[in-house]
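**Student:** Input structure39.txt, format and content: compact mmCIF, C-alpha atoms.
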```txt
# COMPACT_ATOMS: atom_id res chain seq x y z
CA MET W 297 -56.70 65.09 64.72
CA ASP W 298 -58.72 66.74 61.92
CA GLU W 299 -62.07 68.47 62.37
CA SER W 300 -64.15 65.53 61.14
CA SER W 301 -62.43 63.21 63.63
CA ALA W 302 -62.97 65.69 66.42
CA ASN W 303 -66.65 66.00 65.61
CA SER W 304 -67.06 62.23 65.65
CA GLU W 305 -65.43 61.91 69.06
CA PRO W 306 -67.97 61.08 71.80
CA LYS W 307 -68.67 63.80 74.30
CA SER W 308 -66.73 63.82 77.52
CA GLY W 309 -68.47 61.87 80.26
CA GLU W 310 -70.43 59.66 77.87
CA LYS W 311 -70.53 56.10 79.14
CA ILE W 312 -69.35 52.89 77.47
CA TYR W 313 -71.86 50.16 78.16
CA THR W 314 -71.09 46.47 78.28
CA GLU W 315 -72.98 43.34 79.18
CA LEU W 316 -71.22 43.11 82.53
CA ALA W 317 -70.33 45.82 85.01
CA TYR W 318 -68.19 48.21 83.04
CA GLU W 319 -70.88 50.80 82.36
CA GLN W 320 -69.33 52.94 85.09
CA LEU W 321 -66.12 53.27 83.09
CA ASN W 322 -66.39 56.63 81.33
CA LEU W 323 -64.49 57.71 78.24
CA SER W 324 -61.95 59.67 80.22
CA GLN W 325 -60.96 56.54 82.12
CA VAL W 326 -60.82 54.47 78.96
CA LYS W 327 -58.61 57.06 77.29
CA ASN W 328 -56.22 57.04 80.23
CA LEU W 329 -55.99 53.26 80.15
CA TYR W 330 -55.45 53.29 76.41
CA GLU W 331 -52.70 55.90 76.58
CA LEU W 332 -50.98 53.96 79.36
CA GLU W 333 -50.88 50.78 77.30
CA LYS W 334 -49.86 52.68 74.17
CA ALA W 335 -46.98 54.31 76.07
CA LYS W 336 -45.72 50.86 77.07
CA GLY W 337 -45.50 49.91 73.42
CA GLU W 338 -48.44 47.51 73.36
CA LYS W 339 -50.19 47.42 70.02
CA ILE W 340 -53.74 48.75 69.95
CA TYR W 341 -55.63 48.54 66.70
CA THR W 342 -56.21 52.20 65.94
CA GLU W 343 -54.04 55.29 65.81
CA LEU W 344 -56.98 57.62 65.50
CA ALA W 345 -58.87 57.44 68.76
CA TYR W 346 -59.48 55.36 71.85
CA GLU W 347 -63.15 54.85 70.97
CA GLN W 348 -62.07 52.06 68.60
CA LEU W 349 -61.18 49.84 71.55
CA ASN W 350 -63.48 46.80 71.54
CA LEU W 351 -65.25 45.58 74.65
CA SER W 352 -62.76 42.78 75.24
CA GLN W 353 -59.85 45.21 75.30
CA VAL W 354 -61.69 47.61 77.58
CA LYS W 355 -62.51 44.76 79.96
CA ASN W 356 -58.92 43.52 80.06
CA LEU W 357 -57.48 46.98 80.67
CA TYR W 358 -60.07 47.77 83.29
CA GLU W 359 -59.46 44.52 85.20
CA LEU W 360 -55.70 45.08 85.09
CA GLU W 361 -56.05 48.54 86.63
CA LYS W 362 -58.61 47.33 89.16
CA ALA W 363 -56.33 44.47 90.25
CA LYS W 364 -53.63 46.97 91.23
CA ALA W 365 -55.91 48.31 93.93
CA TYR W 366 -55.76 44.97 95.77
CA VAL W 367 -51.99 45.13 96.22
CA LYS W 368 -50.48 47.53 98.72
CA ASP W 369 -47.94 49.94 97.21
CA CYS W 370 -48.44 48.53 93.73
CA PRO W 371 -46.64 50.81 91.19
CA LEU W 372 -49.08 52.64 88.96
CA ASP W 373 -47.09 51.67 85.89
CA ALA W 374 -46.83 47.97 86.83
CA ASN W 375 -47.34 45.70 83.83
CA LEU W 376 -49.46 42.56 83.69
CA GLU W 377 -46.71 40.15 84.76
CA GLU W 378 -45.78 42.33 87.73
CA VAL W 379 -49.38 42.66 88.90
CA VAL W 380 -49.98 38.89 88.67
CA SER W 381 -46.74 38.26 90.56
CA LEU W 382 -47.69 40.73 93.31
CA LEU W 383 -51.16 39.24 93.67
CA THR W 384 -49.64 35.76 93.95
CA HIS W 385 -47.02 36.86 96.46
CA ASN W 386 -49.72 38.40 98.66
CA GLY W 387 -51.84 35.24 98.61
CA LEU W 388 -54.55 36.61 96.33
CA TYR W 389 -54.54 33.48 94.18
CA LYS W 390 -58.09 33.68 92.93
CA LYS W 391 -57.64 37.25 91.68
CA ALA W 392 -54.27 36.36 90.14
CA LEU W 393 -55.84 33.43 88.29
CA GLN W 394 -58.78 35.54 87.13
CA LEU W 395 -56.47 38.21 85.74
CA ALA W 396 -54.07 35.72 84.14
CA SER W 397 -56.97 33.81 82.57
CA LEU W 398 -58.45 37.02 81.19
CA TRP W 399 -55.15 37.88 79.50
CA LYS W 400 -54.56 34.22 78.50
CA GLN W 401 -51.38 33.91 80.57
CA ASP W 402 -49.79 30.73 81.93
CA LEU W 403 -51.55 29.70 85.13
CA ARG W 404 -48.99 27.15 86.27
CA PRO W 405 -46.70 29.48 88.26
CA ILE W 406 -49.69 30.65 90.29
CA PHE W 407 -50.79 27.10 91.09
CA VAL W 408 -47.22 26.06 91.96
CA SER W 409 -46.98 28.99 94.39
CA LEU W 410 -50.22 27.95 96.09
CA THR W 411 -49.01 24.33 96.23
CA SER W 412 -45.80 25.46 97.96
CA ARG W 413 -47.88 27.15 100.65
CA CYS W 414 -49.92 23.98 101.12
CA LEU W 415 -46.71 22.01 101.70
CA GLN W 416 -45.35 24.30 104.40
CA GLU W 417 -44.69 22.40 107.61
CA GLU W 418 -45.63 25.41 109.73
CA VAL W 419 -48.21 28.01 108.76
CA SER W 420 -47.40 31.34 110.39
CA GLU W 421 -49.71 33.48 108.25
CA TRP W 422 -53.08 32.25 107.07
CA ASP W 423 -55.29 35.34 106.76
CA TRP W 424 -54.70 35.23 103.00
CA ILE W 425 -56.83 32.08 102.74
CA PHE W 426 -59.98 34.07 103.47
CA LEU W 427 -59.10 36.66 100.83
CA ASN W 428 -59.77 33.94 98.24
CA ASP W 429 -63.48 33.48 99.07
CA ILE W 430 -62.80 30.07 100.62
CA GLY W 431 -66.25 30.14 102.20
CA ASP W 432 -67.76 29.77 98.71
CA TYR W 433 -66.23 26.29 98.38
CA VAL W 434 -66.08 24.68 101.83
CA SER W 435 -67.37 25.15 105.33
CA SER W 436 -64.29 26.74 106.91
CA SER W 437 -65.53 26.10 110.44
CA LYS W 438 -65.18 22.33 109.97
CA LEU W 439 -61.58 22.23 108.68
CA ASP W 440 -58.18 23.12 110.04
CA ILE W 441 -55.91 25.61 108.26
CA GLY W 442 -53.99 22.93 106.39
CA ALA W 443 -57.15 21.32 105.08
CA LEU W 444 -58.49 24.72 104.04
CA MET W 445 -55.42 25.36 101.91
CA TRP W 446 -55.79 22.00 100.13
CA ALA W 447 -59.52 22.67 99.67
CA LEU W 448 -58.70 26.04 98.09
CA LEU W 449 -56.22 24.40 95.70
CA GLU W 450 -58.81 21.80 94.70
CA ALA W 451 -61.50 24.43 94.14
CA LEU W 452 -59.28 26.67 92.03
CA LEU W 453 -58.13 23.73 89.89
CA ASP W 454 -61.77 22.85 89.24
CA ILE W 455 -62.57 26.45 88.28
CA PHE W 456 -59.57 27.45 86.17
CA GLU W 457 -58.27 24.22 84.59
CA LEU W 458 -60.26 23.56 81.43
CA PRO W 459 -62.04 20.17 81.27
CA GLY W 460 -59.79 17.45 79.89
CA GLN W 461 -56.62 19.50 80.30
CA LYS W 462 -53.88 18.78 82.81
CA TYR W 463 -51.20 21.45 82.45
CA ALA W 464 -51.80 23.02 85.85
CA LEU W 465 -52.65 19.63 87.36
CA ARG W 466 -49.32 18.17 86.23
CA ALA W 467 -47.40 21.20 87.55
CA VAL W 468 -49.12 20.87 90.95
CA CYS W 469 -48.51 17.12 91.16
CA GLU W 470 -44.88 17.45 90.14
CA LYS W 471 -44.29 20.09 92.79
CA ILE W 472 -45.73 17.81 95.49
CA ILE W 473 -43.88 14.69 94.31
CA SER W 474 -40.59 16.58 93.92
CA GLN W 475 -40.83 17.58 97.58
CA GLY W 476 -41.23 13.94 98.62
CA TYR W 477 -44.92 14.02 99.54
CA ASP W 478 -47.67 11.64 98.57
CA LEU W 479 -50.39 13.12 96.37
CA PRO W 480 -53.63 14.06 98.18
CA MET W 481 -56.70 12.03 97.33
CA PHE W 482 -58.36 14.61 95.10
CA LEU W 483 -55.25 14.94 92.93
CA LYS W 484 -54.93 11.17 92.54
CA ARG W 485 -58.53 10.93 91.42
CA LYS W 486 -58.13 13.76 88.91
CA TYR W 487 -54.85 12.58 87.44
CA TYR W 488 -55.73 8.87 87.40
CA ALA W 489 -58.85 9.75 85.42
CA LEU W 490 -56.78 11.55 82.77
CA CYS W 491 -53.45 9.76 82.42
CA PRO W 492 -52.04 7.62 85.25
CA GLY W 493 -49.00 6.86 83.11
CA GLU W 494 -47.83 10.42 83.66
CA VAL W 495 -48.05 9.89 87.41
CA VAL W 496 -45.75 6.88 86.96
CA GLN W 497 -43.40 9.11 84.98
CA LEU W 498 -43.35 11.81 87.69
CA LEU W 499 -42.80 9.29 90.49
CA HIS W 500 -39.97 7.72 88.49
CA LYS W 501 -38.45 11.10 87.65
CA HIS W 502 -38.26 12.13 91.29
CA GLY W 503 -36.98 8.85 92.67
CA ALA W 504 -40.15 7.38 94.19
CA LEU W 505 -39.53 4.00 92.56
CA LYS W 506 -41.56 1.91 95.00
CA SER W 507 -44.66 4.07 94.57
CA ALA W 508 -44.15 4.10 90.80
CA THR W 509 -43.93 0.31 90.79
CA GLN W 510 -47.11 -0.02 92.85
CA LEU W 511 -49.08 2.23 90.51
CA SER W 512 -47.66 0.51 87.41
CA CYS W 513 -48.77 -2.88 88.69
CA ASP W 514 -52.25 -1.54 89.43
CA ILE W 515 -52.55 -0.14 85.89
CA LEU W 516 -51.41 -3.40 84.28
CA ILE W 517 -53.75 -5.50 86.42
CA ALA W 518 -56.65 -3.22 85.52
CA LEU W 519 -55.85 -3.59 81.81
CA THR W 520 -55.42 -7.36 82.09
CA SER W 521 -58.35 -8.25 84.33
CA PRO W 522 -61.21 -5.73 84.24
CA SER W 523 -63.11 -7.64 86.92
CA ALA W 524 -60.13 -8.02 89.23
CA GLU W 525 -59.95 -6.10 92.46
CA PRO W 526 -57.13 -3.56 92.76
CA MET W 527 -54.00 -4.65 94.60
CA ASP W 528 -54.33 -5.30 98.30
CA GLU W 529 -53.81 -2.15 100.34
CA SER W 530 -51.89 -3.97 103.04
CA SER W 531 -49.26 -5.13 100.57
CA ALA W 532 -48.66 -1.55 99.51
CA ASN W 533 -48.43 -0.31 103.07
CA SER W 534 -46.07 -3.10 104.09
CA GLU W 535 -43.32 -1.76 101.86
CA PRO W 536 -40.86 0.61 103.53
CA LYS W 537 -40.95 4.12 102.16
CA SER W 538 -37.82 5.90 101.02
CA ALA W 539 -36.28 8.31 103.49
CA ASN W 540 -37.61 11.39 101.76
CA TRP W 541 -41.04 10.04 100.88
CA LYS W 542 -43.47 11.65 103.32
CA THR W 543 -47.21 11.61 103.58
CA ASP W 544 -49.18 14.81 103.29
CA PRO W 545 -49.06 16.39 106.77
CA LYS W 546 -51.86 18.84 106.30
CA SER W 547 -55.19 17.15 105.70
CA ALA W 548 -56.50 14.93 108.47
CA LYS W 549 -59.30 13.80 106.20
CA ASP W 550 -56.81 12.62 103.58
CA ARG W 551 -54.76 10.78 106.16
CA ALA W 552 -57.83 8.92 107.33
CA GLU W 553 -58.89 7.79 103.86
CA LYS W 554 -57.39 4.81 102.12
CA ALA W 555 -55.34 5.66 99.09
CA PRO W 556 -57.45 5.17 95.94
CA ARG W 557 -56.30 2.22 93.90
CA PHE W 558 -56.24 2.37 90.14
CA SER W 559 -59.08 0.28 88.73
CA PHE W 560 -60.55 -0.68 85.37
CA SER W 561 -63.54 1.60 85.98
CA GLN W 562 -61.20 4.54 85.52
CA LEU W 563 -60.39 3.55 81.93
CA THR W 564 -62.56 5.73 79.71
CA PRO W 565 -62.52 5.71 75.89
CA SER W 566 -62.28 9.51 75.78
CA SER W 567 -59.06 9.60 77.80
CA GLU W 568 -55.52 8.94 76.63
CA GLN W 569 -54.71 6.75 79.60
CA MET W 570 -55.49 3.35 78.05
CA TYR W 571 -52.01 2.81 76.64
CA CYS W 572 -50.01 5.98 77.26
CA GLY W 573 -48.72 4.57 80.53
CA LEU W 574 -47.02 1.56 78.98
CA GLN W 575 -43.99 3.44 77.71
CA HIS W 576 -43.49 5.02 81.13
CA ILE W 577 -43.83 1.60 82.76
CA ARG W 578 -41.17 0.16 80.46
CA PHE W 579 -38.82 3.03 81.26
CA LEU W 580 -39.45 2.35 84.94
CA GLN W 581 -38.68 -1.35 84.44
CA ALA W 582 -35.34 -0.47 82.87
CA GLU W 583 -34.53 1.81 85.81
CA LEU W 584 -35.42 -0.88 88.35
CA ALA W 585 -33.15 -3.32 86.53
CA ARG W 586 -30.23 -0.95 87.12
CA GLN W 587 -30.96 -0.47 90.81
CA GLU W 588 -29.55 -3.21 93.04
CA SER W 589 -31.81 -2.15 95.91
CA CYS W 590 -34.95 -2.65 93.79
CA GLU W 591 -34.68 -6.33 92.91
CA ALA W 592 -38.04 -7.16 94.51
CA GLU W 593 -39.82 -4.32 92.68
CA PHE W 594 -38.21 -5.31 89.38
CA ALA W 595 -39.28 -8.96 89.75
CA ARG W 596 -42.80 -7.97 90.71
CA LEU W 597 -43.22 -5.53 87.81
CA LYS W 598 -41.68 -7.99 85.37
CA GLU W 599 -44.20 -10.66 86.37
CA VAL W 600 -47.23 -8.35 86.07
CA LEU W 601 -45.98 -6.91 82.77
CA SER W 602 -45.49 -10.42 81.40
CA ARG W 603 -49.09 -11.31 82.29
CA TYR W 604 -50.30 -8.14 80.61
CA GLU W 605 -48.34 -8.86 77.42
CA SER W 606 -49.71 -12.39 77.29
CA HIS W 607 -53.24 -11.06 77.75
CA ALA W 608 -52.74 -8.38 75.08
CA ALA W 609 -51.51 -11.00 72.59
CA LYS W 610 -54.61 -13.14 73.20
CA VAL W 611 -56.91 -10.16 72.73
CA THR W 612 -55.16 -9.20 69.50
CA ASN W 613 -55.37 -12.76 68.14
CA GLU W 614 -59.05 -13.01 69.03
CA LYS W 615 -59.83 -9.71 67.29
CA PHE W 616 -57.96 -10.88 64.19
CA ARG W 617 -59.83 -14.21 64.23
CA LEU W 618 -63.18 -12.45 64.40
CA LEU W 619 -62.25 -10.12 61.56
CA THR W 620 -61.22 -13.00 59.27
CA MET W 621 -64.44 -14.90 59.88
CA TYR W 622 -66.45 -12.49 57.73
```
Translate the structure of the given file into structure tokens.

**Tutor:**
Amino acid sequence: MDESSANSEPKSGEKIYTELAYEQLNLSQVKNLYELEKAKGEKIYTELAYEQLNLSQVKNLYELEKAKAYVKDCPLDANLEEVVSLLTHNGLYKKALQLASLWKQDLRPIFVSLTSRCLQEEVSEWDWIFLNDIGDYVSSSKLDIGALMWALLEALLDIFELPGQKYALRAVCEKIISQGYDLPMFLKRKYYALCPGEVVQLLHKHGALKSATQLSCDILIALTSPSAEPMDESSANSEPKSANWKTDPKSAKDRAEKAPRFSFSQLTPSSEQMYCGLQHIRFLQAELARQESCEAEFARLKEVLSRYESHAAKVTNEKFRLLTMY
């Protein structure tokens, strides 16, 4: 470094101030963080000096180093992916999500890991729940351990999944459905409000044909008759469930509630759900036609789909008539 560069370098111990809480990070610490990242081959904008790091980079590097302190025996040279994985493995889901969000990493593996813990039949270790600030979201004294885990999953989805997006939500729901469990109430409400057709697709994909048929019929009835009541709950419960289709064993509150039915009130102009489910329903119909054991479901879906198509044709003709009147 030449003399002019050396003279422009801030004095040792001078602080870097930010709008948050990084004012305690002195230049020596920043330089160490910078050199560590540079040694790992990560591109930093300047080759002259660490003082060119912007506040966003300083924050990211600082949070990465700070996160290592929460994991026992974390290697000092652990990279971002390793630190996130260690946090997740140790049940520090909130901190893992915070770090991954800061670095714009995929959040789905973290949510899938938490979902797997929620689905465990027996919970041998549960101290990790309270390392995620669960008391900020629910009253832990009023819920059992299973319900606390589901409450934590719900809270973290609300915090870290951006409004209108469903990447993490879909990953969570697919994990639950693939294990043969019914979706908890809060997930049904979230997913139905975004795109219930995808729920039909996931149920179909993982062999839950009876549940997929029930939801498909509810969607079609809602589209055909906005004022109609959703399908009778008793008719849904009267159908035998497949051998591997289990109800959620964890939340007593969820077990006590009736499953939410899809209704016309959930159809919002801003969502993509109005028609996106139809292609999934037609794929389901084709699958039911191939399954000898699903004759009743096929006949039922065929009848409801026929009523919907007739209704859609009338609506289309009426709109065309009104357009040609003027």

**Student:** Might you pull out every residue within 7 Å of range 425-428 of chain W, with only C-alpha atoms counted and same-chain residues fewer than 3 positions away left off, and present them as a PyMOL selection string?

**Tutor:** chain W and resi 388-390+422+445

**Student:** Around all the atoms of range 608-611 of chain W listed in the file, draw an axis-aligned box and extend it by 4 Å on each of the six sides; I want its centre and edge lengths in Å to one decimal, as JSON.

**Tutor:**
```
{"center_x": -54.2, "center_y": -10.8, "center_z": 73.8, "size_x": 13.4, "size_y": 12.8, "size_z": 10.5}
```

**Student:** Taking 2 positions as the minimum chain separation for residues in the same chain, which residues sit within 10 Å of range 462-479 of chain W when counting all atoms listed in the file? Answer as an NGL selection string.

**Tutor:** :W and (402-412 or 414-415 or 449-450 or 453-454 or 456-460 or 481-487 or 490-491 or 494-495 or 497-504 or 507 or 538-545 or 550 or 555)

**Student:** What separation in Å, quoted to one decimal, exists between CA of Ala609 in chain W and CA of Ala582 in chain W?

**Tutor:**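 According to the coordinates, CA of Ala609 in chain W and CA of Ala582 in chain W are separated by 21.9 Å.
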
**Student:** May I ask for the distance between CA of Glu588 in chain W and CA of Ser602 in chain W, given in Å to one decimal place?

**Tutor:**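 The value is 21.0 Å.
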
**Student:** One number please: CA of Arg413 in chain W to CA of Val379 in chain W, in Å, one decimal.

**Tutor:** 19.5 Å

**Student:** Ranking W:Glu593, W:Glu359, W:Asp429, W:Asp440 by minimum distance to Cys513 in chain W and counting all atoms listed in the file, which one comes first?

**Tutor:** W:Glu593

**Student:** Taking all atoms listed in the file into account, which of W:Leu398, W:Val380, W:Gly573, W:Leu448 comes nearest Ser435 in chain W?

**Tutor:**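 The closest residue to Ser435 in chain W is W:Leu448.
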
**Student:** Which of these, W:Thr509, W:Phe616, W:Ile515, W:Val611, has the shortest distance to Phe594 in chain W once you count all atoms listed in the file?

**Tutor:**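 Smallest distance to Phe594 in chain W is found for W:Thr509.
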